$ cat model.txt   # compact mmCIF, C-alpha atoms
# COMPACT_ATOMS: atom_id res chain seq x y z
CA MET S 1 30.77 -45.73 -7.36
CA ASP S 2 26.97 -45.57 -7.57
CA SER S 3 25.86 -42.08 -8.62
CA THR S 4 22.17 -42.87 -8.28
CA PRO S 5 20.61 -40.26 -5.98
CA GLY S 6 19.36 -41.65 -2.69
CA PRO S 7 15.76 -41.41 -1.56
CA HIS S 8 16.44 -38.17 0.36
CA ALA S 9 18.06 -36.49 -2.65
CA ALA S 10 15.27 -37.71 -4.90
CA SER S 11 12.66 -36.27 -2.56
CA GLU S 12 14.41 -32.90 -2.70
CA MET S 13 14.15 -32.94 -6.49
CA ILE S 14 10.38 -33.42 -6.35
CA PRO S 15 8.51 -30.17 -5.63
CA SER S 16 6.67 -30.22 -2.33
CA LEU S 17 2.89 -30.30 -2.26
CA ALA S 18 2.82 -26.68 -1.09
CA VAL S 19 5.05 -25.58 -3.98
CA ARG S 20 2.92 -27.47 -6.51
CA GLN S 21 -0.24 -25.95 -5.08
CA ALA S 22 1.28 -22.46 -5.26
CA GLN S 23 2.31 -23.07 -8.88
CA LEU S 24 -1.17 -24.29 -9.77
CA GLU S 25 -2.75 -21.30 -8.03
CA HIS S 26 -0.43 -18.93 -9.89
CA THR S 27 -1.24 -20.59 -13.22
CA ARG S 28 -4.98 -20.39 -12.49
CA ASN S 29 -4.75 -16.72 -11.52
CA MET S 30 -2.78 -15.89 -14.66
CA ALA S 31 -5.34 -17.70 -16.83
CA GLU S 32 -8.24 -15.87 -15.16
CA GLN S 33 -6.45 -12.54 -15.56
CA ALA S 34 -5.81 -13.23 -19.25
CA ASP S 35 -9.50 -14.10 -19.71
CA ARG S 36 -10.59 -10.87 -18.06
CA HIS S 37 -8.23 -8.81 -20.21
CA ALA S 38 -9.51 -10.58 -23.33
CA VAL S 39 -13.12 -9.84 -22.37
CA THR S 40 -12.23 -6.17 -21.81
CA LEU S 41 -10.51 -5.86 -25.20
CA GLU S 42 -13.33 -7.68 -26.97
CA SER S 43 -15.87 -5.39 -25.30
CA ILE S 44 -13.99 -2.27 -26.42
CA LEU S 45 -13.69 -3.61 -29.98
CA ALA S 46 -17.41 -4.46 -30.05
CA ILE S 47 -18.27 -0.93 -28.91
CA LEU S 48 -16.01 0.69 -31.51
CA ARG S 49 -17.43 -1.49 -34.29
CA ALA S 50 -21.09 -0.93 -33.37
CA ASP S 51 -22.89 0.78 -36.25
CA ARG S 52 -25.70 2.03 -34.03
CA LEU S 53 -23.32 4.16 -31.95
CA ASP S 54 -21.96 7.48 -33.12
CA ASP S 55 -18.31 8.34 -32.47
CA ARG S 56 -18.99 10.27 -29.26
CA ALA S 57 -21.17 7.56 -27.70
CA ALA S 58 -18.70 4.83 -28.69
CA ARG S 59 -15.79 6.78 -27.23
CA THR S 60 -17.67 7.36 -23.96
CA LEU S 61 -18.59 3.68 -23.59
CA ALA S 62 -15.07 2.52 -24.49
CA ILE S 63 -13.55 4.86 -21.90
CA ASP S 64 -16.01 3.53 -19.30
CA VAL S 65 -15.05 -0.08 -19.98
CA ALA S 66 -11.32 0.70 -19.98
CA ALA S 67 -11.54 2.75 -16.75
CA THR S 68 -13.42 -0.03 -14.95
CA ALA S 69 -10.85 -2.57 -16.09
CA LEU S 70 -7.97 -0.37 -14.90
CA VAL S 71 -9.55 0.02 -11.46
CA GLY S 72 -9.85 -3.76 -11.25
CA ILE S 73 -6.19 -4.21 -12.19
CA ARG S 74 -5.11 -1.68 -9.55
CA MET S 75 -7.21 -3.46 -6.94
CA GLU S 76 -5.56 -6.81 -7.77
CA THR S 77 -2.11 -5.20 -7.69
CA ASP S 78 -2.84 -3.67 -4.27
CA GLU S 79 -3.93 -7.02 -2.84
CA GLN S 80 -0.91 -8.85 -4.30
CA ARG S 81 1.42 -6.19 -2.94
CA ASP S 82 -0.04 -6.56 0.55
CA THR S 83 0.48 -10.33 0.67
CA ARG S 84 4.07 -10.62 -0.57
CA LEU S 85 7.25 -10.20 1.47
CA GLU S 86 10.08 -7.82 0.62
CA PRO S 87 13.65 -8.22 1.92
CA VAL S 88 14.32 -5.22 4.14
CA VAL S 89 17.47 -4.33 2.18
CA GLY S 90 15.55 -4.43 -1.11
CA ALA S 91 12.75 -2.28 0.31
CA PHE S 92 15.33 0.27 1.50
CA ALA S 93 16.99 0.30 -1.94
CA ARG S 94 13.63 1.13 -3.50
CA LEU S 95 13.31 4.03 -1.02
CA ARG S 96 16.68 5.39 -2.17
CA ASN S 97 15.46 5.31 -5.76
CA ASP S 98 12.24 7.08 -4.74
CA LEU S 99 14.22 9.92 -3.16
CA ARG S 100 16.80 10.20 -5.95
CA PRO S 101 15.08 13.22 -7.61
CA LEU S 102 15.45 15.22 -4.38
CA VAL S 103 19.16 14.49 -4.35
CA ARG S 104 19.70 14.99 -8.07
CA HIS S 105 17.65 18.14 -8.64
CA GLY S 106 17.79 19.84 -5.25
CA ASP S 107 20.30 21.11 -2.69
CA LEU S 108 19.24 18.56 -0.09
CA ASP S 109 21.94 16.15 1.13
CA VAL S 110 20.16 12.86 1.90
CA GLN S 111 22.20 10.36 3.90
CA PHE S 112 21.10 6.73 4.12
CA VAL S 113 21.98 4.30 6.92
CA GLU S 114 21.42 0.79 5.55
CA PRO S 115 19.35 -1.73 7.54
CA PRO S 116 21.04 -4.99 8.59
CA MET S 117 21.31 -7.60 5.85
CA THR S 118 19.86 -10.16 8.26
CA GLY S 119 16.77 -8.08 9.02
CA ARG S 120 13.44 -9.86 8.84
CA ALA S 121 11.59 -9.57 5.52
CA LEU S 122 8.85 -6.95 5.52
CA PRO S 123 5.20 -7.64 4.69
CA GLY S 124 4.32 -5.83 1.47
CA GLU S 125 1.95 -3.42 3.21
CA VAL S 126 4.59 -2.45 5.78
CA ALA S 127 7.33 -1.98 3.16
CA HIS S 128 5.09 0.14 0.96
CA ALA S 129 3.84 2.23 3.88
CA ALA S 130 7.38 2.72 5.24
CA ARG S 131 8.58 4.18 1.95
CA ALA S 132 5.55 6.49 1.69
CA ILE S 133 6.02 7.60 5.32
CA VAL S 134 9.69 8.44 4.82
CA ARG S 135 8.94 10.36 1.60
CA SER S 136 6.29 12.39 3.43
CA ALA S 137 8.63 13.00 6.37
CA VAL S 138 11.44 14.26 4.13
CA LEU S 139 9.05 16.64 2.36
CA ALA S 140 7.72 17.83 5.74
CA PHE S 141 11.28 18.60 6.87
CA VAL S 142 12.01 20.47 3.64
CA ASP S 143 8.77 22.47 3.93
CA ALA S 144 9.58 23.35 7.55
CA GLY S 145 12.50 25.39 6.18
CA GLU S 146 16.27 25.61 6.21
CA ALA S 147 16.93 21.85 6.12
CA ARG S 148 20.09 21.13 4.16
CA ARG S 149 20.75 17.60 5.34
CA VAL S 150 18.44 14.67 6.12
CA ARG S 151 19.57 11.37 7.62
CA ILE S 152 17.39 8.28 7.09
CA GLN S 153 17.93 5.07 9.02
CA TRP S 154 16.03 1.77 9.05
CA ASP S 155 16.56 -1.00 11.56
CA CYS S 156 14.77 -4.19 12.64
CA ASP S 157 14.44 -5.62 16.13
CA GLY S 158 12.79 -8.83 14.92
CA LEU S 159 9.25 -7.62 15.66
CA ASN S 160 9.25 -4.08 14.31
CA LEU S 161 10.65 -1.93 11.55
CA LEU S 162 12.32 1.05 13.25
CA ILE S 163 12.57 4.22 11.17
CA SER S 164 14.49 7.36 12.07
CA VAL S 165 14.46 10.52 9.94
CA ARG S 166 16.53 13.48 11.18
CA ASP S 167 17.18 16.90 9.66
CA ASP S 168 19.41 19.88 10.46
CA GLY S 169 16.68 22.53 10.09
CA ARG S 170 15.26 25.06 12.54
CA GLY S 171 14.12 22.41 14.99
CA GLU S 172 10.58 23.71 15.31
CA LEU S 173 8.62 20.63 14.17
CA THR S 174 6.14 19.15 16.66
CA ALA S 175 3.89 16.09 16.73
CA HIS S 176 0.91 18.41 16.18
CA ASP S 177 2.27 19.88 12.94
CA ASP S 178 -0.27 19.57 10.10
CA SER S 179 2.37 18.23 7.73
CA LEU S 180 2.84 15.19 9.98
CA ARG S 181 -0.86 14.35 10.35
CA PRO S 182 -0.98 11.99 7.31
CA ILE S 183 2.11 10.22 8.65
CA SER S 184 0.59 9.77 12.10
CA GLU S 185 -2.69 8.47 10.67
CA ARG S 186 -0.88 5.95 8.51
CA VAL S 187 1.37 4.74 11.32
CA ILE S 188 -1.56 4.38 13.72
CA ALA S 189 -3.49 2.41 11.07
CA LEU S 190 -0.60 -0.09 11.10
CA ASP S 191 -0.66 -0.26 14.92
CA GLY S 192 2.63 1.63 15.17
CA ASP S 193 3.70 4.79 16.94
CA VAL S 194 5.43 8.07 16.13
CA ARG S 195 7.70 10.24 18.27
CA VAL S 196 8.90 13.73 17.30
CA SER S 197 11.77 15.50 19.05
CA SER S 198 13.13 18.93 18.11
CA THR S 199 15.92 21.15 19.36
CA ALA S 200 15.77 24.80 18.30
CA GLY S 201 18.56 25.59 15.91
CA TRP S 202 19.70 21.97 15.67
CA GLY S 203 16.93 20.16 13.84
CA SER S 204 14.14 17.62 14.32
CA THR S 205 14.01 13.83 14.55
CA LEU S 206 11.09 11.60 13.65
CA ASP S 207 11.19 8.11 15.19
CA ILE S 208 8.65 5.58 13.93
CA ARG S 209 7.90 2.00 14.92
CA LEU S 210 5.96 -0.24 12.52
CA PRO S 211 5.05 -3.76 13.70
CA LEU S 212 5.99 -6.43 11.17
CA ALA S 213 2.90 -8.46 12.09
CA PRO S 214 -0.21 -6.72 10.70
CA PRO S 215 -2.71 -5.53 13.33
CA ALA S 216 -5.78 -7.64 13.86
CA MET S 217 -8.65 -6.01 12.03
CA PRO S 218 -12.04 -6.00 13.76
CA ASP S 219 -14.77 -7.96 11.99
CA LEU S 220 -16.91 -5.03 10.99
CA LEU S 221 -19.43 -7.12 9.08
CA PRO S 222 -20.59 -10.73 9.49
CA ASP S 223 -18.08 -13.47 8.68
CA SER S 224 -20.56 -14.84 6.15
CA MET S 225 -19.95 -11.75 4.00
CA PRO S 226 -16.81 -12.30 1.89
CA LEU S 227 -14.61 -9.18 2.07
CA SER S 228 -11.09 -8.85 0.72
CA ALA S 229 -8.32 -7.50 2.95
CA ARG S 230 -8.40 -4.21 1.06
CA GLU S 231 -12.18 -3.91 1.41
CA ARG S 232 -11.82 -4.35 5.18
CA ASP S 233 -9.14 -1.63 5.21
CA VAL S 234 -11.46 0.75 3.37
CA LEU S 235 -14.40 -0.13 5.63
CA ARG S 236 -12.32 0.38 8.78
CA LEU S 237 -11.43 3.91 7.63
CA LEU S 238 -14.99 4.61 6.47
CA VAL S 239 -16.25 3.89 9.98
CA THR S 240 -13.89 6.57 11.35
CA GLY S 241 -15.56 9.13 9.08
CA ALA S 242 -12.71 9.38 6.58
CA ARG S 243 -13.57 10.65 3.11
CA ASN S 244 -12.40 9.10 -0.15
CA ARG S 245 -9.36 11.34 -0.53
CA SER S 246 -8.18 10.66 3.02
CA ILE S 247 -8.69 6.90 2.56
CA ALA S 248 -6.77 6.99 -0.72
CA GLU S 249 -3.86 8.83 0.94
CA GLN S 250 -3.72 6.51 3.94
CA LEU S 251 -3.85 3.33 1.84
CA ASP S 252 -1.77 4.83 -0.99
CA ILE S 253 -4.32 3.97 -3.66
CA SER S 254 -6.25 6.17 -6.08
CA GLU S 255 -9.61 7.76 -5.26
CA ASN S 256 -11.14 5.78 -8.13
CA THR S 257 -9.97 2.56 -6.45
CA VAL S 258 -11.53 3.72 -3.17
CA LYS S 259 -14.82 4.38 -4.97
CA PHE S 260 -14.62 0.91 -6.52
CA HIS S 261 -14.19 -0.70 -3.07
CA VAL S 262 -16.97 1.41 -1.52
CA SER S 263 -19.30 0.38 -4.34
CA ASN S 264 -18.49 -3.29 -3.69
CA LEU S 265 -19.04 -2.84 0.05
CA LEU S 266 -22.45 -1.22 -0.52
CA ARG S 267 -23.46 -4.05 -2.82
CA LYS S 268 -22.28 -6.80 -0.48
CA ALA S 269 -23.88 -5.22 2.59
CA GLY S 270 -27.12 -4.40 0.77
CA ALA S 271 -26.75 -0.77 1.83
CA VAL S 272 -27.98 2.18 -0.24
CA SER S 273 -25.65 4.82 1.21
CA ARG S 274 -22.31 5.23 2.99
CA ALA S 275 -24.17 6.25 6.15
CA GLU S 276 -26.18 3.03 6.14
CA LEU S 277 -23.03 0.99 5.48
CA ILE S 278 -21.29 2.62 8.46
CA LEU S 279 -24.32 2.00 10.69
CA LEU S 280 -24.40 -1.68 9.68
CA ALA S 281 -20.68 -2.02 10.34
CA LYS S 282 -20.90 -0.38 13.77
CA ARG S 283 -23.94 -2.46 14.71
CA ASP S 284 -22.16 -5.70 13.85
CA GLU S 285 -19.07 -4.55 15.75
CA GLN S 286 -21.05 -4.16 19.00
$ encode --input "model.txt" --output "structure tokens"
Amino acid sequence: MDSTPGPHAASEMIPSLAVRQAQLEHTRNMAEQADRHAVTLESILAILRADRLDDRAARTLAIDVAATALVGIRMETDEQRDTRLEPVVGAFARLRNDLRPLVRHGDLDVQFVEPPMTGRALPGEVAHAARAIVRSAVLAFVDAGEARRVRIQWDCDGLNLLISVRDDGRGELTAHDDSLRPISERVIALDGDVRVSSTAGWGSTLDIRLPLAPPAMPDLLPDSMPLSARERDVLRLLVTGARNRSIAEQLDISENTVKFHVSNLLRKAGAVSRAELILLAKRDEQ
């Protein structure tokens, strides 16, 4: 019996063009990242070895170089996180781990209703935002008082991630509660919606819908200007008047990373201030 694989089997053994391209891209990115890290380390070593610098000046310069490099790494991590997919069950498991301290060190009974195994994979931005939203919701319920039990459920309808968080507290939470404002802003930024229902003496329920397809972002600056997805997110929030801290909270990044993106946006747009950048963005939007 001939055991030689047929043409179809042989073709399956050969990586597809798309796979080979992805592997090459990954290899190139890793090489570039290694080069950047090497340059950073060499720069720090050169600063520390410089005879013309006293200890204080060398330390200040070294910290500056290291801080800039760390901001760059965080920016790359943010962009990679936004482009990858997470299985919905895996994303939910990470949420359970995030909330483990509340269960282990507090009196709160957190109940989890697992999403379906066949649920559609979540875009990285949606998965990350969903976990942050649920964490904020649980803390809001705890702060509202007298909550002893919280029930968290995720589900998928093929187009949306459906989140339900319910407590057994006083049932006085409303959609206008200050503690829910960051949640509402984040959900709206993802083109989703939030519904709050409360029954006095029985508790409150927070129902959230997050589309699995990211919302179309308006082109706030000319197409000829190369902006990363994260830079467009920051610019979109800048135009609404949001400050650095608010932007950092909504995008779940550090304020230093926000400052890094704003600096890049100013440079690319040729603007000298945030106000001018916003005016340019609004003008190009019209």
$ atom_distance --input "model.txt" --atom1 "atom CA of Ala189 of chain S" --atom2 "atom CA of Asp207 of chain S"
16.3 Å
$ residues_near_point --input "model.txt" --point "(4.8, 0.0, -2.7)" --cutoff "9 Å" --atoms "all atoms listed in the file" --output "MDAnalysis selection string"
chainID S and resid 78 81:82 91 94 124:132 252
$ closest_residue --input "model.txt" --among "S:Val113, S:Ala62, S:Val134, S:Ala121" --to "Asp98 of chain S" --atoms "only C-alpha atoms"
S:Val134
$ axis_aligned_box --input "model.txt" --around "segment 244-250 of chain S" --padding-each-side "4 Å" --output "JSON"
{"center_x": -8.1, "center_y": 8.9, "center_z": 1.6, "size_x": 16.7, "size_y": 12.8, "size_z": 12.7}
$ residues_near_point --input "model.txt" --point "(14.3, 12.6, 17.0)" --cutoff "12 Å" --atoms "all atoms listed in the file" --output "list in words"
Val150, Arg151, Ile152, Gln153, Ile163, Ser164, Val165, Arg166, Asp167, Asp168, Gly171, Glu172, Leu173, Thr174, Ala175, Val194, Arg195, Val196, Ser197, Ser198, Thr199, Trp202, Gly203, Ser204, Thr205, Leu206, Asp207 and Ile208 of chain S
$ closest_residue --input "model.txt" --among "S:Glu276, S:Glu249, S:Glu42, S:Asp155" --to "Thr118 of chain S" --atoms "all atoms listed in the file"
S:Asp155
$ atom_distance --input "model.txt" --atom1 "atom CA of Leu210 of chain S" --atom2 "atom CA of Asp233 of chain S"
16.8 Å
$ residues_around --input "model.txt" --residues "Arg209 of chain S" --least-positions-apart "5" --cutoff "7 Å" --atoms "only C-alpha atoms" --output "list in words"
Asn160, Leu161, Leu162, Ile163, Gly192, Asp193 and Val194 of chain S
$ atom_distance --input "model.txt" --atom1 "atom CA of Val39 of chain S" --atom2 "atom CA of Gly270 of chain S"
27.6 Å
$ closest_residue --input "model.txt" --among "S:Leu61, S:Leu95, S:Leu108, S:Ala69" --to "Leu48 of chain S" --atoms "all atoms listed in the file"
S:Leu61
$ closest_residue --input "model.txt" --among "S:Met117, S:Leu238, S:Leu53, S:Leu180" --to "Phe141 of chain S" --atoms "all atoms listed in the file"
S:Leu180
